[in-house]
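**Student:** Input entry-v7.txt, format and content: compact mmCIF, C-alpha atoms.
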```txt
# COMPACT_ATOMS: atom_id res chain seq x y z
CA MET A 362 116.47 57.32 -44.23
CA LYS A 363 118.58 55.50 -46.84
CA ASP A 364 122.13 54.86 -45.67
CA SER A 365 124.25 56.32 -48.48
CA PRO A 366 127.41 58.48 -48.21
CA GLY A 367 125.82 61.19 -50.41
CA LEU A 368 122.77 61.42 -48.18
CA HIS A 369 124.97 61.58 -45.06
CA LEU A 370 127.05 64.39 -46.59
CA LYS A 371 123.91 66.31 -47.62
CA THR A 372 122.49 65.91 -44.10
CA TYR A 373 125.71 67.05 -42.39
CA ILE A 374 125.99 70.10 -44.68
CA LEU A 375 122.40 71.18 -43.96
CA ILE A 376 122.78 70.60 -40.20
CA LEU A 377 125.95 72.70 -40.34
CA PHE A 378 123.92 75.42 -42.12
CA MET A 379 121.28 75.23 -39.37
CA VAL A 380 123.80 75.38 -36.53
CA LEU A 381 125.52 78.40 -38.12
CA PHE A 382 122.62 80.39 -39.58
CA ALA A 383 120.29 80.43 -36.54
CA PRO A 384 122.98 81.77 -34.12
CA LEU A 385 124.34 84.15 -36.77
CA GLY A 386 120.80 85.44 -37.35
CA ASN A 387 120.31 86.03 -33.62
CA VAL A 388 123.69 87.75 -33.29
CA LEU A 389 122.85 90.06 -36.22
CA LEU A 390 119.43 90.84 -34.69
CA SER A 391 121.21 91.64 -31.43
CA LYS A 392 123.67 93.95 -33.22
CA GLY A 393 120.76 95.66 -34.97
CA MET A 394 118.73 96.07 -31.79
CA LYS A 395 121.69 97.45 -29.82
CA GLY A 396 121.89 100.13 -32.54
CA VAL A 397 118.15 100.86 -32.36
CA GLY A 398 118.07 101.00 -28.55
CA SER A 399 115.26 100.11 -26.17
CA ALA A 400 111.98 101.95 -25.61
CA ASN A 401 112.16 104.52 -22.83
CA ASN A 402 108.40 104.84 -22.63
CA TRP A 403 105.48 103.02 -24.17
CA GLU A 404 103.89 105.92 -26.04
CA LEU A 405 102.63 105.14 -29.56
CA GLY A 406 104.92 107.71 -31.19
CA ASP A 407 107.99 106.28 -29.46
CA LEU A 408 107.06 102.71 -30.44
CA LEU A 409 106.43 103.74 -34.07
CA HIS A 410 109.83 105.47 -34.15
CA ILE A 411 111.48 102.25 -32.89
CA LEU A 412 109.54 100.16 -35.44
CA VAL A 413 110.77 102.39 -38.28
CA SER A 414 114.36 102.15 -36.95
CA VAL A 415 114.05 98.34 -36.73
CA LEU A 416 112.69 98.03 -40.26
CA SER A 417 115.41 100.31 -41.67
CA SER A 418 118.29 98.48 -39.98
CA GLY A 419 120.47 96.45 -42.35
CA TYR A 420 121.58 94.16 -39.51
CA ILE A 421 117.95 93.28 -38.70
CA TRP A 422 117.25 92.33 -42.34
CA MET A 423 120.48 90.31 -42.54
CA GLY A 424 119.44 88.59 -39.30
CA ILE A 425 115.99 87.81 -40.71
CA ALA A 426 117.63 86.49 -43.92
CA CYS A 427 119.88 84.19 -41.84
CA LEU A 428 116.89 82.93 -39.82
CA LEU A 429 114.99 82.26 -43.07
CA ALA A 430 118.04 80.36 -44.41
CA PHE A 431 118.03 78.33 -41.18
CA PHE A 432 114.31 77.62 -41.58
CA VAL A 433 114.71 76.48 -45.21
CA ALA A 434 117.64 74.19 -44.24
CA TYR A 435 115.59 72.83 -41.32
CA MET A 436 112.54 72.12 -43.50
CA LEU A 437 114.68 70.53 -46.25
CA VAL A 438 116.57 68.23 -43.90
CA LEU A 439 113.32 67.13 -42.25
CA THR A 440 112.02 65.89 -45.61
CA TRP A 441 114.45 62.94 -45.45
CA ALA A 442 116.03 62.86 -41.97
CA ASP A 443 114.27 61.94 -38.73
CA TYR A 444 113.25 64.77 -36.41
CA SER A 445 114.90 62.84 -33.56
CA TYR A 446 118.17 62.91 -35.51
CA VAL A 447 118.00 66.59 -36.50
CA GLN A 448 116.72 68.11 -33.24
CA PRO A 449 119.65 67.10 -30.95
CA ALA A 450 122.09 68.53 -33.50
CA SER A 451 120.33 71.90 -33.21
CA SER A 452 121.32 72.02 -29.50
CA PHE A 453 124.86 73.01 -30.59
CA SER A 454 123.43 76.34 -31.74
CA TYR A 455 123.25 77.44 -28.06
CA ALA A 456 127.03 77.06 -27.80
CA VAL A 457 127.62 78.62 -31.25
CA VAL A 458 125.59 81.73 -30.32
CA ALA A 459 127.82 82.26 -27.26
CA VAL A 460 130.99 81.80 -29.35
CA LEU A 461 129.74 84.20 -32.06
CA SER A 462 128.60 86.80 -29.52
CA TYR A 463 132.08 86.65 -27.94
CA PHE A 464 133.97 87.06 -31.22
CA LEU A 465 131.59 89.25 -33.25
CA LEU A 466 129.99 91.42 -30.56
CA GLY A 467 132.73 91.28 -27.91
CA GLU A 468 130.28 90.09 -25.26
CA ALA A 469 131.74 88.85 -21.99
CA VAL A 470 130.53 85.29 -21.45
CA PRO A 471 131.16 84.30 -17.80
CA PRO A 472 132.14 80.68 -16.93
CA LEU A 473 128.78 80.10 -15.19
CA ARG A 474 126.98 80.94 -18.47
CA TRP A 475 129.19 78.51 -20.41
CA ALA A 476 128.33 75.85 -17.81
CA GLY A 477 124.61 76.63 -18.17
CA ILE A 478 124.82 76.45 -21.98
CA LEU A 479 126.59 73.07 -21.74
CA VAL A 480 123.85 71.75 -19.42
CA ILE A 481 121.16 73.07 -21.83
CA CYS A 482 122.89 71.27 -24.74
CA VAL A 483 122.84 68.01 -22.75
CA GLY A 484 119.14 68.52 -21.89
CA VAL A 485 118.15 69.25 -25.50
CA PHE A 486 120.19 66.23 -26.63
CA ILE A 487 118.22 63.99 -24.23
CA VAL A 488 114.89 65.50 -25.35
CA GLY A 489 115.94 64.84 -28.96
CA HIS A 490 116.69 61.20 -28.25
CA THR A 491 113.08 60.47 -27.26
CA HIS A 492 110.59 59.03 -29.73
CA PRO A 493 109.40 61.79 -32.10
CA ARG A 494 105.82 60.50 -32.32
CA THR A 495 103.74 59.82 -29.20
CA THR A 496 100.26 59.98 -30.70
CA GLU A 497 98.49 57.62 -33.08
CA LYS A 498 98.82 58.39 -36.80
CA ALA A 499 95.68 60.12 -38.10
CA MET B 1354 111.07 93.17 -14.60
CA LEU B 1355 110.69 94.16 -18.25
CA GLU B 1356 113.11 91.34 -19.17
CA LEU B 1357 110.87 88.83 -17.40
CA PHE B 1358 107.82 90.13 -19.30
CA PHE B 1359 109.58 89.83 -22.68
CA LEU B 1360 110.97 86.40 -21.78
CA PHE B 1361 107.45 85.28 -20.85
CA MET B 1362 106.13 86.62 -24.18
CA ILE B 1363 108.91 84.92 -26.19
CA ILE B 1364 108.23 81.57 -24.53
CA ALA B 1365 104.43 81.75 -24.17
CA ALA B 1366 103.67 83.31 -27.56
CA GLY B 1367 106.43 81.36 -29.34
CA THR B 1368 105.41 78.00 -27.89
CA GLY B 1369 101.70 78.81 -28.26
CA GLY B 1370 102.32 79.75 -31.88
CA GLU B 1371 104.21 76.52 -32.57
CA LEU B 1372 101.46 74.48 -30.90
CA CYS B 1373 98.80 76.23 -33.03
CA VAL B 1374 100.83 75.64 -36.21
CA SER B 1375 101.42 72.01 -35.19
CA HIS B 1376 97.66 71.60 -34.56
CA ALA B 1377 96.92 73.16 -37.96
CA MET B 1378 99.48 70.93 -39.73
CA LYS B 1379 97.92 67.82 -38.19
CA ALA B 1380 94.55 68.99 -39.55
CA VAL B 1381 96.09 69.57 -43.01
CA GLY B 1382 97.72 66.12 -43.04
CA GLU B 1383 101.12 64.64 -43.78
CA VAL B 1384 103.05 65.65 -46.95
CA HIS B 1385 103.92 62.69 -49.20
CA ASP B 1386 104.50 64.48 -52.50
CA PHE B 1387 107.24 67.10 -52.65
CA ARG B 1388 106.64 68.32 -56.22
CA PRO B 1389 106.35 72.17 -56.33
CA SER B 1390 102.70 72.08 -57.52
CA GLU B 1391 101.78 69.74 -54.63
CA LEU B 1392 103.66 71.94 -52.15
CA VAL B 1393 101.72 75.01 -53.37
CA ARG B 1394 98.45 73.06 -52.92
CA PHE B 1395 99.65 72.06 -49.45
CA VAL B 1396 100.38 75.69 -48.49
CA LEU B 1397 96.96 76.79 -49.85
CA ARG B 1398 95.30 74.09 -47.72
CA ALA B 1399 97.32 75.15 -44.68
CA ILE B 1400 96.42 78.87 -44.91
CA ARG B 1401 92.70 77.98 -44.91
CA VAL B 1402 93.05 76.61 -41.39
CA GLY B 1403 92.25 79.21 -38.72
CA TRP B 1404 94.77 77.76 -36.23
CA MET B 1405 97.55 78.52 -38.72
CA TRP B 1406 96.78 82.25 -38.62
CA ILE B 1407 96.52 82.29 -34.83
CA GLY B 1408 99.90 80.51 -34.76
CA ILE B 1409 101.51 82.99 -37.17
CA ALA B 1410 100.13 85.95 -35.14
CA MET B 1411 101.53 84.50 -31.90
CA MET B 1412 104.92 83.78 -33.49
CA THR B 1413 105.04 87.38 -34.74
CA VAL B 1414 104.45 88.62 -31.18
CA ALA B 1415 107.25 86.27 -30.00
CA PHE B 1416 109.62 87.63 -32.69
CA PHE B 1417 109.07 91.27 -31.70
CA SER B 1418 109.44 90.32 -28.02
CA LEU B 1419 112.77 88.69 -28.93
CA LEU B 1420 113.86 91.92 -30.63
CA ALA B 1421 112.83 93.92 -27.55
CA MET B 1422 114.72 91.52 -25.25
CA LEU B 1423 117.82 91.75 -27.49
CA SER B 1424 117.75 95.54 -27.15
CA ILE B 1425 118.09 95.13 -23.37
CA GLU B 1426 120.20 91.99 -22.79
CA ASN B 1427 123.17 90.23 -24.42
CA VAL B 1428 122.38 87.62 -27.07
CA SER B 1429 124.56 85.05 -25.22
CA PHE B 1430 122.05 85.40 -22.35
CA VAL B 1431 118.79 85.77 -24.32
CA VAL B 1432 119.06 82.78 -26.68
CA PRO B 1433 119.98 80.17 -24.00
CA VAL B 1434 117.18 81.28 -21.62
CA THR B 1435 114.64 80.86 -24.43
CA ALA B 1436 115.45 77.12 -24.18
CA LEU B 1437 112.73 77.21 -21.49
CA SER B 1438 110.40 76.79 -24.47
CA TYR B 1439 111.29 73.06 -24.32
CA ALA B 1440 109.55 72.92 -20.93
CA ALA B 1441 106.62 75.05 -22.12
CA GLY B 1442 106.40 72.94 -25.30
CA ALA B 1443 106.31 69.66 -23.36
CA ILE B 1444 103.58 70.95 -21.01
CA GLY B 1445 101.60 72.51 -23.89
CA ALA B 1446 101.90 69.39 -26.07
CA MET B 1447 100.64 67.25 -23.19
CA LEU B 1448 97.72 69.56 -22.34
CA PHE B 1449 96.60 70.76 -25.78
CA LEU B 1450 97.82 68.16 -28.28
CA HIS B 1451 97.37 65.19 -25.88
CA GLU B 1452 100.85 63.90 -26.60
CA ARG B 1453 102.39 61.43 -24.16
CA ILE B 1454 105.64 62.79 -22.71
CA SER B 1455 108.08 60.01 -21.78
CA ARG B 1456 110.17 60.01 -18.60
CA GLN B 1457 113.31 60.50 -20.67
CA ARG B 1458 111.82 63.62 -22.28
CA TRP B 1459 110.85 65.01 -18.86
CA LEU B 1460 114.42 64.31 -17.69
CA GLY B 1461 115.75 66.30 -20.65
CA VAL B 1462 113.33 69.15 -19.88
CA VAL B 1463 114.45 69.24 -16.21
CA ILE B 1464 118.12 69.35 -17.30
CA VAL B 1465 117.32 72.20 -19.74
CA CYS B 1466 115.65 74.10 -16.88
CA ALA B 1467 118.74 73.54 -14.68
CA GLY B 1468 120.92 74.93 -17.49
CA VAL B 1469 118.66 77.96 -17.91
CA THR B 1470 118.91 78.58 -14.13
CA LEU B 1471 122.72 78.63 -14.38
CA VAL B 1472 122.57 81.04 -17.36
CA TRP B 1473 120.11 83.26 -15.43
CA LEU B 1474 122.47 83.29 -12.42
CA SER B 1475 125.32 84.41 -14.71
CA ARG B 1476 123.42 87.63 -15.42
CA ARG B 1477 125.43 90.66 -14.44
```
Will you turn the file into structure tokens for me?
**Tutor:**
Amino acid sequence: MKDSPGLHLKTYILILFMVLFAPLGNVLLSKGMKGVGSANNWELGDLLHILVSVLSSGYIWMGIACLLAFFVAYMLVLTWADYSYVQPASSFSYAVVAVLSYFLLGEAVPPLRWAGILVICVGVFIVGHTHPRTTEKA
Amino acid sequence: MLELFFLFMIIAAGTGGELCVSHAMKAVGEVHDFRPSELVRFVLRAIRVGWMWIGIAMMTVAFFSLLAMLSIENVSFVVPVTALSYAAGAIGAMLFLHERISRQRWLGVVIVCAGVTLVWLSRR
């Protein structure tokens, strides 16, 4: 990765996109699914009805759009930045999803869950700081 | 119980799907040229690999399992517990892709699992 201010800025912007779009996508999917409701039984008719409700929910499509935006940002940033640099940054999305769920969905996030999310972030950060390639190049 | 089933499907099908796609991408080869015409050729090569389709099918199952889980549980619970996929990914990569997992990576995976345990315990 060339060390230029422009490249750093581009990388930070795309990582910011990733850390915002993936949690936002999941929060929108959650909002959509809470509106659809869960299956009471596993009959084909009931499942088809849920599928139609899912596919006609605006929140679900907005969630899918956000997840696609995340995926595009992820793929783009990986074309110049190291996986080992990008992956630890994505760990922040676990904290962002909790913050967004609190503010946008009004979910109660207990202290123990915040502690767990913090520990997960640390774990993902350590995983991300390992060598990205462990096999011989083909 | 249903939550456990969906969580298992998200992690097993999601990780399995990623491993299949990773296996397919290694068969397709590394991308060196990012011109649109070369990228189209790359995608056409990728979709001819059977593992790619198995991977996409498994990731679709994982996505619908995620939707089902989100209809039952809060997103601030669901997304963090899916971090277990780091553990499944490490085990799967070691077994199926023959990758060497370093001690540091195992340490990270163990810490992720500890975090997931705390999130699970926070369940109402």
**Student:** Using only C-alpha atoms, which residues sit within 6 Å of segment 1405-1417 of chain B once same-chain residues fewer than 5 positions away are excluded, as a ChimeraX atom specification?
**Tutor:** /B:1362-1363,1366-1367,1370,1373-1374,1377
**Student:** Since we have the selection now, will you write its residues out, keeping C-alpha atoms, as a compact mmCIF listing (two decimals), in the coordinates of the input?
**Tutor:**
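As a result, out_18.txt now contains:
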```
# COMPACT_ATOMS: atom_id res chain seq x y z
CA MET B 1362 106.13 86.62 -24.18
CA ILE B 1363 108.91 84.92 -26.19
CA ALA B 1366 103.67 83.31 -27.56
CA GLY B 1367 106.43 81.36 -29.34
CA GLY B 1370 102.32 79.75 -31.88
CA CYS B 1373 98.80 76.23 -33.03
CA VAL B 1374 100.83 75.64 -36.21
CA ALA B 1377 96.92 73.16 -37.96
```
**Student:** Please determine, counting only C-alpha atoms, which residue among A:Val397, A:Leu385, A:Ala434, A:Ile374 has the shortest atom-to-atom distance to chain B.
**Tutor:**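 Closest to chain B, using only C-alpha atoms: A:Val397.
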**Student:** Please return, as number ranges by chain, all residues of chain A lying within 9 Å of chain B when only C-alpha atoms are considered.
**Tutor:** A: 384, 387-388, 390-400, 415, 440, 455-456, 458-463, 468-492, 494-496, 499
**Student:** Write out as lines of an AutoDock Vina configuration file an axis-aligned box for segment 1441-1445 of chain B: all of its atoms listed in the file, 5 Å added on each side, centre and edge lengths in Å with one decimal.
**Tutor:**
```
center_x = 104.1
center_y = 72.4
center_z = -23.2
size_x = 15.0
size_y = 15.4
size_z = 14.3
```
**Student:** Please report the interatomic distance between atom CA of Leu428 of chain A and atom CA of Gly386 of chain A in Å with one decimal.
**Tutor:** 5.3 Å
**Student:** Could you tell me how far atom CA of Ala1399 of chain B sits from atom CA of Met1378 of chain B, in Å to one decimal place?
**Tutor:**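 Value for the atom CA of Met1378 of chain B-atom CA of Ala1399 of chain B distance: 6.9 Å.
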**Student:** Enter the distance from atom CA of Ile376 of chain A to atom CA of Glu1371 of chain B, in Å, rounded to one decimal.
**Tutor:**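 Separating atom CA of Ile376 of chain A from atom CA of Glu1371 of chain B is a distance of 20.9 Å.
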**Student:** In terms of the shortest atom-to-atom distance over all atoms listed in the file, which of B:Ser1438, B:Trp1404, B:Val1396, B:Pro1389 is closest to Ser1375 of chain B?
**Tutor:**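 Residue with the minimum atom-to-atom distance to Ser1375 of chain B: B:Trp1404.
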**Student:** Hey, which of A:Leu389, A:Leu429, A:Leu375, A:Met423 ends up closest to Trp441 of chain A? Count only C-alpha atoms.
**Tutor:**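 When distances to Trp441 of chain A are compared using only C-alpha atoms, the smallest one comes from A:Leu375.
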